[in-house]
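Worksheet for the structure shown next.
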Amino acid sequence: MKCKKVKERLSAFMDDELDRKKTSEIEQHLAECSACNQELKLLTKTWGSLEVWEKIEPSDNFEAIFWQKIRGRELRQPLFQRLLTKVIPVPTAVIILIIGLVGGIYLCNILYPKETKVYTDESLSLVKENFLYLNNFEDFPPESLGGLYISLTSKGNNIKIEE
């Protein structure tokens, strides 16, 4: 018999719960294997130390108090959980959730419609003149970031970069 099987059955061996064949196989293995024998001694010491402990006797009304606490915890469940389990069945809750989401999206589209801007040729020309060209940056001093950008991007670039 292998050590793993013996170690799995040591507790049953100690309690005389095995048949004669298994018991003799384990006894033979323990005579040959010091590791499993050590495991048996450790298990025996453990059970021996547990016997020294005093047995705790529960009070007479222990079971009544126990079940009272269990009922108290059931009552303290979160409101949402109590609603789902007792008041509203799960399929109904899912349907209500879907209706709420769809209704919210519809209401949002009514209250905040998407505005699309339509530009005419005249408004586009104003945009081009005022915002899209670099001539808006001409007022920057040459040592500022905007002035440096204009001088770097202009055709007559006279700036020397020192290394």
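Residues in the structure tokens are numbered from 1 in each chain, the chains being A, B, ... in the order shown, and ligands are numbered from 1 in the order shown.
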Residues near range 27-42 of chain A, cut-off 7 Å, only C-alpha atoms, skip fewer than 6 positions along chain, as a list in words: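 Within the cut-off, the hits are Met1, Cys3, Lys7 and Leu10 of chain A.
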Please, could you write that set of residues out with C-alpha atoms as a compact mmCIF listing (two decimals), in the first residue's frame?
```txt
# COMPACT_ATOMS: atom_id res chain seq x y z
CA MET A 1 0.00 0.00 0.00
CA CYS A 3 1.91 6.22 1.76
CA LYS A 7 -2.27 8.59 5.47
CA LEU A 10 -4.97 6.56 9.47
```
